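What follows is the content of entry20.cif, which has mmCIF, C-alpha atoms and all ligand atoms:
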```cif
data_upload
#
loop_
_atom_site.label_atom_id
_atom_site.label_comp_id
_atom_site.auth_asym_id
_atom_site.auth_seq_id
_atom_site.Cartn_x
_atom_site.Cartn_y
_atom_site.Cartn_z
CA MET D 10 8.26 0.61 21.87
CA GLN D 11 7.52 2.02 18.45
CA TYR D 12 5.94 -0.13 15.77
CA ILE D 13 6.12 0.43 12.03
CA PHE D 14 3.32 -0.99 9.92
CA LEU D 15 4.93 -1.07 6.48
CA SER D 16 2.76 -1.82 3.48
CA HIS D 17 2.68 -1.68 -0.30
CA ASP D 18 -0.48 -1.14 -2.31
CA VAL D 19 -0.35 -2.99 -5.62
CA ASP D 20 -2.36 -0.56 -7.73
CA TRP D 21 -1.47 -1.66 -11.26
CA ARG D 22 -1.95 -4.90 -13.12
CA LYS D 23 1.08 -7.17 -13.34
CA GLN D 24 1.78 -6.08 -16.94
CA GLY D 25 1.99 -2.46 -15.77
CA PRO D 26 0.17 0.59 -17.09
CA PRO D 27 -0.26 1.39 -20.80
CA LEU D 28 2.93 2.37 -22.60
CA GLU D 29 1.87 6.05 -22.96
CA HIS D 30 1.55 6.30 -19.18
CA ILE D 31 5.13 5.05 -18.73
CA LEU D 32 6.53 7.21 -21.55
CA SER D 33 5.01 10.36 -20.09
CA ARG D 34 6.94 9.63 -16.86
CA LYS D 35 10.21 8.81 -18.55
CA ASP D 36 12.11 11.64 -16.83
CA ARG D 37 11.25 10.20 -13.43
CA PHE D 38 13.45 7.16 -14.06
CA GLU D 39 17.25 7.05 -14.21
CA PRO D 40 18.03 7.11 -17.96
CA GLU D 41 20.18 3.99 -17.82
CA LEU D 42 17.56 2.06 -15.87
CA PHE D 43 14.86 3.22 -18.26
CA GLU D 44 16.85 2.01 -21.28
CA LYS D 45 17.65 -1.43 -19.94
CA THR D 46 14.30 -2.27 -18.31
CA LYS D 47 11.33 -3.54 -20.30
CA PRO D 48 8.46 -1.04 -19.97
CA GLU D 49 6.21 -3.64 -18.37
CA ASP D 50 8.84 -4.25 -15.69
CA LEU D 51 9.36 -0.62 -14.62
CA TYR D 52 6.41 -0.76 -12.22
CA ARG D 53 7.04 -4.31 -11.02
CA ASN D 54 9.02 -4.43 -7.82
CA ILE D 55 7.67 -7.21 -5.65
CA PRO D 56 10.88 -9.32 -5.78
CA GLU D 57 12.98 -6.19 -5.15
CA TYR D 58 10.94 -5.25 -2.08
CA MET D 59 11.23 -8.81 -0.81
CA GLU D 60 14.98 -8.70 -1.22
CA ILE D 61 15.33 -5.36 0.58
CA GLU D 62 13.07 -6.38 3.44
CA GLU D 63 14.73 -9.78 3.74
CA LYS D 64 18.05 -7.96 4.17
CA PHE D 65 16.66 -6.06 7.16
CA ASP D 66 14.77 -9.11 8.42
CA ILE D 67 11.40 -7.35 8.29
CA ARG D 68 8.07 -8.33 6.74
CA SER D 69 5.45 -6.00 5.31
CA THR D 70 1.93 -6.28 3.97
CA PHE D 71 1.05 -6.21 0.26
CA PHE D 72 -2.49 -5.06 -0.48
CA PHE D 73 -3.79 -6.52 -3.76
CA ARG D 74 -6.80 -5.33 -5.70
CA THR D 75 -9.17 -7.81 -7.27
CA PHE D 76 -10.08 -5.48 -10.14
CA TYR D 77 -7.25 -4.39 -12.41
CA GLU D 78 -7.76 -2.31 -15.53
CA ASN D 79 -7.09 -4.74 -18.41
CA GLY D 80 -5.62 -7.22 -15.98
CA ASP D 81 -6.51 -9.81 -13.37
CA VAL D 82 -5.38 -10.46 -9.81
CA LEU D 83 -4.79 -14.05 -10.92
CA ASP D 84 -1.83 -12.73 -12.93
CA TYR D 85 -0.24 -12.10 -9.53
CA GLU D 86 -0.87 -15.64 -8.30
CA ASP D 87 2.80 -16.64 -8.26
CA ASP D 88 3.85 -13.43 -6.49
CA ILE D 89 1.12 -13.81 -3.88
CA LYS D 90 2.06 -17.43 -3.20
CA GLN D 91 5.75 -16.55 -3.00
CA LEU D 92 5.08 -13.66 -0.60
CA GLN D 93 2.88 -15.77 1.58
CA LYS D 94 5.30 -18.67 1.68
CA SER D 95 7.99 -16.37 3.07
CA ASN D 96 5.66 -14.83 5.69
CA TRP D 97 4.68 -11.56 4.06
CA GLU D 98 1.06 -10.63 4.70
CA ILE D 99 -1.50 -10.34 1.92
CA GLY D 100 -4.31 -7.82 2.42
CA LEU D 101 -7.28 -6.76 0.34
CA HIS D 102 -7.08 -3.46 -1.54
CA THR D 103 -10.82 -3.00 -1.89
CA ASP D 104 -12.21 -1.15 -4.86
CA PRO D 105 -13.94 2.15 -3.98
CA SER D 106 -17.00 0.92 -5.92
CA SER D 107 -17.39 -1.98 -3.45
CA ILE D 108 -17.29 -0.26 -0.11
CA ASP D 109 -20.97 0.58 0.26
CA ASN D 110 -22.03 -2.98 -0.45
CA LEU D 111 -21.29 -5.83 1.92
CA ASP D 112 -21.64 -8.49 -0.77
CA LYS D 113 -19.25 -6.73 -3.11
CA ILE D 114 -16.59 -6.58 -0.40
CA ARG D 115 -17.28 -10.22 0.42
CA LEU D 116 -16.77 -11.23 -3.22
CA GLU D 117 -13.48 -9.36 -3.39
CA LYS D 118 -12.30 -10.97 -0.17
CA GLU D 119 -13.28 -14.44 -1.37
CA LYS D 120 -11.56 -13.93 -4.70
CA LEU D 121 -8.28 -13.05 -3.01
CA GLU D 122 -8.69 -15.89 -0.52
CA SER D 123 -9.12 -18.31 -3.43
CA ILE D 124 -5.47 -17.52 -4.21
CA THR D 125 -4.06 -17.30 -0.68
CA GLY D 126 -5.95 -20.34 0.57
CA LYS D 127 -6.30 -18.68 3.94
CA GLN D 128 -8.31 -15.94 5.54
CA ILE D 129 -7.57 -12.32 4.68
CA VAL D 130 -7.75 -10.19 7.83
CA GLY D 131 -6.45 -6.81 6.62
CA ASN D 132 -8.12 -4.24 4.39
CA ARG D 133 -7.28 -0.97 2.73
CA VAL D 134 -9.55 0.81 0.27
CA HIS D 135 -7.95 1.99 -2.99
CA PHE D 136 -7.57 5.81 -2.98
CA LEU D 137 -8.19 5.59 0.80
CA ASN D 138 -11.92 5.92 0.20
CA TYR D 139 -12.79 5.35 3.83
CA ASN D 140 -16.24 6.00 5.23
CA PRO D 141 -17.58 5.62 8.78
CA GLU D 142 -19.80 2.65 7.88
CA LEU D 143 -16.88 0.64 6.57
CA PRO D 144 -15.50 -0.85 9.84
CA ASN D 145 -18.90 -2.32 10.69
CA LYS D 146 -19.03 -4.10 7.32
CA LEU D 147 -15.45 -5.30 7.64
CA GLU D 148 -16.15 -6.75 11.07
CA LYS D 149 -19.13 -8.69 9.71
CA LEU D 150 -16.86 -10.18 7.05
CA GLY D 151 -14.23 -11.36 9.52
CA PHE D 152 -11.54 -8.74 8.98
CA ASN D 153 -9.37 -7.75 11.96
CA TYR D 154 -8.07 -4.42 10.79
CA ASP D 155 -8.35 -1.64 8.26
CA SER D 156 -5.88 1.04 7.21
CA SER D 157 -7.76 3.40 4.91
CA LEU D 158 -8.20 6.41 7.13
CA ARG D 159 -6.42 9.70 6.71
CA HIS D 160 -7.64 13.01 8.12
CA SER D 161 -5.69 15.31 5.83
CA LYS D 162 -3.60 15.11 2.68
CA ASP D 163 -0.88 17.51 3.71
CA ARG D 164 -0.17 17.07 7.41
CA ILE D 165 1.71 14.55 9.52
CA ASP D 166 0.48 14.85 13.07
CA GLU D 167 -0.80 12.91 16.06
CA LYS D 168 -4.14 12.14 14.39
CA GLU D 169 -2.39 10.22 11.61
CA MET D 170 -0.57 7.88 14.00
CA GLY D 171 -1.40 5.05 16.35
CA TYR D 172 -4.66 3.11 16.02
CA SER D 173 -8.22 3.07 17.26
CA ARG D 174 -10.88 0.40 17.69
CA ILE D 175 -14.03 0.93 15.67
CA HIS D 176 -16.75 -1.77 15.74
CA GLY D 177 -14.22 -4.47 16.56
CA ILE D 178 -11.94 -3.37 13.74
CA ILE D 179 -8.51 -1.96 14.52
CA GLU D 180 -8.11 1.14 12.37
CA PHE D 181 -4.58 2.27 11.51
CA PRO D 182 -4.54 5.79 10.06
CA VAL D 183 -2.00 6.22 7.27
CA THR D 184 0.92 8.19 8.70
CA LEU D 185 3.26 8.35 5.73
CA MET D 186 2.56 7.65 2.05
CA ASP D 187 4.73 8.32 -0.99
CA ALA D 188 1.92 10.00 -2.95
CA TYR D 189 1.03 12.54 -0.25
CA LEU D 190 4.65 13.26 0.70
CA PHE D 191 5.63 14.07 -2.88
CA THR D 192 2.40 15.44 -4.35
CA TYR D 193 0.65 17.31 -1.54
CA MET D 194 3.48 18.06 0.87
CA LYS D 195 5.92 18.77 -1.98
CA ILE D 196 8.81 17.08 -0.19
CA ARG D 197 11.82 16.42 -2.40
CA GLU D 198 13.53 13.02 -2.67
CA GLU D 199 16.57 14.16 -0.70
CA LYS D 200 14.38 15.30 2.21
CA ILE D 201 12.35 12.11 2.57
CA ILE D 202 14.67 10.37 5.05
CA SER D 203 14.71 13.37 7.39
CA GLU D 204 10.92 13.62 7.12
CA PHE D 205 10.68 9.99 8.20
CA GLN D 206 13.07 10.67 11.08
CA LYS D 207 10.99 13.65 12.22
CA THR D 208 7.83 11.54 12.11
CA LEU D 209 9.42 8.70 14.09
CA ASP D 210 10.62 11.21 16.70
CA LEU D 211 7.18 12.78 16.95
CA GLY D 212 5.60 9.33 17.43
CA ARG D 213 8.07 8.47 20.20
CA SER D 214 7.35 11.73 21.99
CA LEU D 215 3.60 11.07 22.03
CA SER D 216 3.12 7.62 23.46
CA GLU D 217 4.89 4.53 24.66
CA ASN D 218 3.21 2.24 22.20
CA ASN D 219 3.18 4.21 19.04
CA VAL D 220 2.37 2.89 15.57
CA ILE D 221 3.51 4.59 12.38
CA SER D 222 1.69 3.22 9.31
CA VAL D 223 3.54 3.58 6.03
CA ILE D 224 2.39 3.06 2.44
CA TRP D 225 5.11 2.85 -0.16
CA HIS D 226 3.42 1.89 -3.40
CA ASP D 227 4.67 -1.23 -5.10
CA ASN D 228 5.15 0.62 -8.40
CA VAL D 229 7.35 3.52 -7.25
CA LEU D 230 10.56 1.83 -6.17
CA LYS D 231 12.45 2.65 -9.40
CA MET D 232 10.66 5.96 -9.97
CA LYS D 233 11.15 9.44 -8.51
CA GLY D 234 8.25 11.40 -7.13
CA GLY D 235 6.00 8.63 -5.79
CA ARG D 236 2.65 7.32 -6.98
ZN ZN G 301 -4.45 1.98 -4.30
#
```
Translate the structure described by the file into structure tokens.
Ligand SMILES: [Zn+2]
Amino acid sequence: MQYIFLSHDVDWRKQGPPLEHILSRKDRFEPELFEKTKPEDLYRNIPEYMEIEEKFDIRSTFFFRTFYENGDVLDYEDDIKQLQKSNWEIGLHTDPSSIDNLDKIRLEKEKLESITGKQIVGNRVHFLNYNPELPNKLEKLGFNYDSSLRHSKDRIDEKEMGYSRIHGIIEFPVTLMDAYLFTYMKIREEKIISEFQKTLDLGRSLSENNVISVIWHDNVLKMKGGR
């Protein structure tokens, strides 16, 4: 059996990035789509992801931050409740400035739980700022798993698949992520599907119970070239 852990990191505030940021990426959107979509909606794709995944009868995990530049996670309250109601998982997208401090992680977790109304068990650090002391802290706070680890930025190999147990935390290394595929591995849009196929095949050849962990950022669905 092969398992796919599909997830979306929600990196931007609900209102999207500043207008200049969007305008400087104008050529990464289809012209027609760019014209007819409000700038603040170009990065917002939660309902679209839900629709796609519903069609294939799958559920993913959305990792939300609790710090957004000029925004607030509470702006996402309706999305989070909607996702949760339909059995998507909500995880914490911890800020890199929190990870060395147990209380800071605790506060982030509690803030997100004040919206979900139930325990958050999954964590991923923004920018994948993993460090070896993190799993121990996460265990103390009642998390079950983390998925912040990646050994390289430009390789897809055995080390970036499967999972390991560290201090009672199940650690899923990130196998495939839009940002690394496009930016560091320089893979073009039209080659992405075959790259996924190759990775799935490699996973199947390695072990019977293989896990491939995928990040496809929430904001890149309408945009070429990834996060
Ligand atoms: Zn992030």
Starting from the point (11.1, 9.9, -10.3), work out which residues of protein, DNA or RNA have an atom no more than 7 Å away when counting all atoms listed in the file; state them as a PyMOL selection string. chain D and resi 36-38+232-235
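Nearest to Ile224 in chain D of all the residues D:Leu211, D:Met186, D:Leu83, D:Ile201 is D:Met186, based on only C-alpha atoms.
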Find the residues near Ile178 in chain D: any atom within 7 Å, counting only C-alpha atoms, skip ones fewer than 6 places away on the same chain, and give them as a PyMOL selection string. chain D and resi 144+148+153-155
Restricted to C-alpha atoms, what would the selected residues look like written as a compact mmCIF listing (two decimals), in the coordinates of the input?
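Saved to selection_26.txt:
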```txt
# COMPACT_ATOMS: atom_id res chain seq x y z
CA PRO D 144 -15.50 -0.85 9.84
CA GLU D 148 -16.15 -6.75 11.07
CA ASN D 153 -9.37 -7.75 11.96
CA TYR D 154 -8.07 -4.42 10.79
CA ASP D 155 -8.35 -1.64 8.26
```
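If all atoms listed in the file are the atoms counted, then among D:Asp66, D:Glu49, D:Glu180, D:Glu29 the closest residue to Ser222 in chain D is D:Glu180.
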Any residue with an atom at most 10 Å from ligand ZN 301 (chain G) counts, using only C-alpha atoms and all ligand atoms. Which are they? Put them as an MDAnalysis selection string. chainID D and resid 17:21 72:74 102:105 133:138 157 224 226:227 236
Create the file for the chosen residues now, containing C-alpha atoms and written as a PDB file, in the frame of the given file.
```pdb
ATOM      1  CA  HIS D  17       2.680  -1.680  -0.300  1.00  0.00           C
ATOM      2  CA  ASP D  18      -0.480  -1.140  -2.310  1.00  0.00           C
ATOM      3  CA  VAL D  19      -0.350  -2.990  -5.620  1.00  0.00           C
ATOM      4  CA  ASP D  20      -2.360  -0.560  -7.730  1.00  0.00           C
ATOM      5  CA  TRP D  21      -1.470  -1.660 -11.260  1.00  0.00           C
ATOM      6  CA  PHE D  72      -2.490  -5.060  -0.480  1.00  0.00           C
ATOM      7  CA  PHE D  73      -3.790  -6.520  -3.760  1.00  0.00           C
ATOM      8  CA  ARG D  74      -6.800  -5.330  -5.700  1.00  0.00           C
ATOM      9  CA  HIS D 102      -7.080  -3.460  -1.540  1.00  0.00           C
ATOM     10  CA  THR D 103     -10.820  -3.000  -1.890  1.00  0.00           C
ATOM     11  CA  ASP D 104     -12.210  -1.150  -4.860  1.00  0.00           C
ATOM     12  CA  PRO D 105     -13.940   2.150  -3.980  1.00  0.00           C
ATOM     13  CA  ARG D 133      -7.280  -0.970   2.730  1.00  0.00           C
ATOM     14  CA  VAL D 134      -9.550   0.810   0.270  1.00  0.00           C
ATOM     15  CA  HIS D 135      -7.950   1.990  -2.990  1.00  0.00           C
ATOM     16  CA  PHE D 136      -7.570   5.810  -2.980  1.00  0.00           C
ATOM     17  CA  LEU D 137      -8.190   5.590   0.800  1.00  0.00           C
ATOM     18  CA  ASN D 138     -11.920   5.920   0.200  1.00  0.00           C
ATOM     19  CA  SER D 157      -7.760   3.400   4.910  1.00  0.00           C
ATOM     20  CA  ILE D 224       2.390   3.060   2.440  1.00  0.00           C
ATOM     21  CA  HIS D 226       3.420   1.890  -3.400  1.00  0.00           C
ATOM     22  CA  ASP D 227       4.670  -1.230  -5.100  1.00  0.00           C
ATOM     23  CA  ARG D 236       2.650   7.320  -6.980  1.00  0.00           C
TER      24      ARG D 236
END
```
Please put the answer as lines of an AutoDock Vina configuration file: centre and edge lengths, in Å with one decimal, of a box along x, y and z that encloses all listed atoms of range 115-121 of chain D plus 5 Å on each side.
```
center_x = -12.8
center_y = -11.9
center_z = -2.1
size_x = 19.0
size_y = 15.1
size_z = 15.1
```
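Here CA of Pro48 in chain D stands at a distance of 17.1 Å from CA of Asp84 in chain D.
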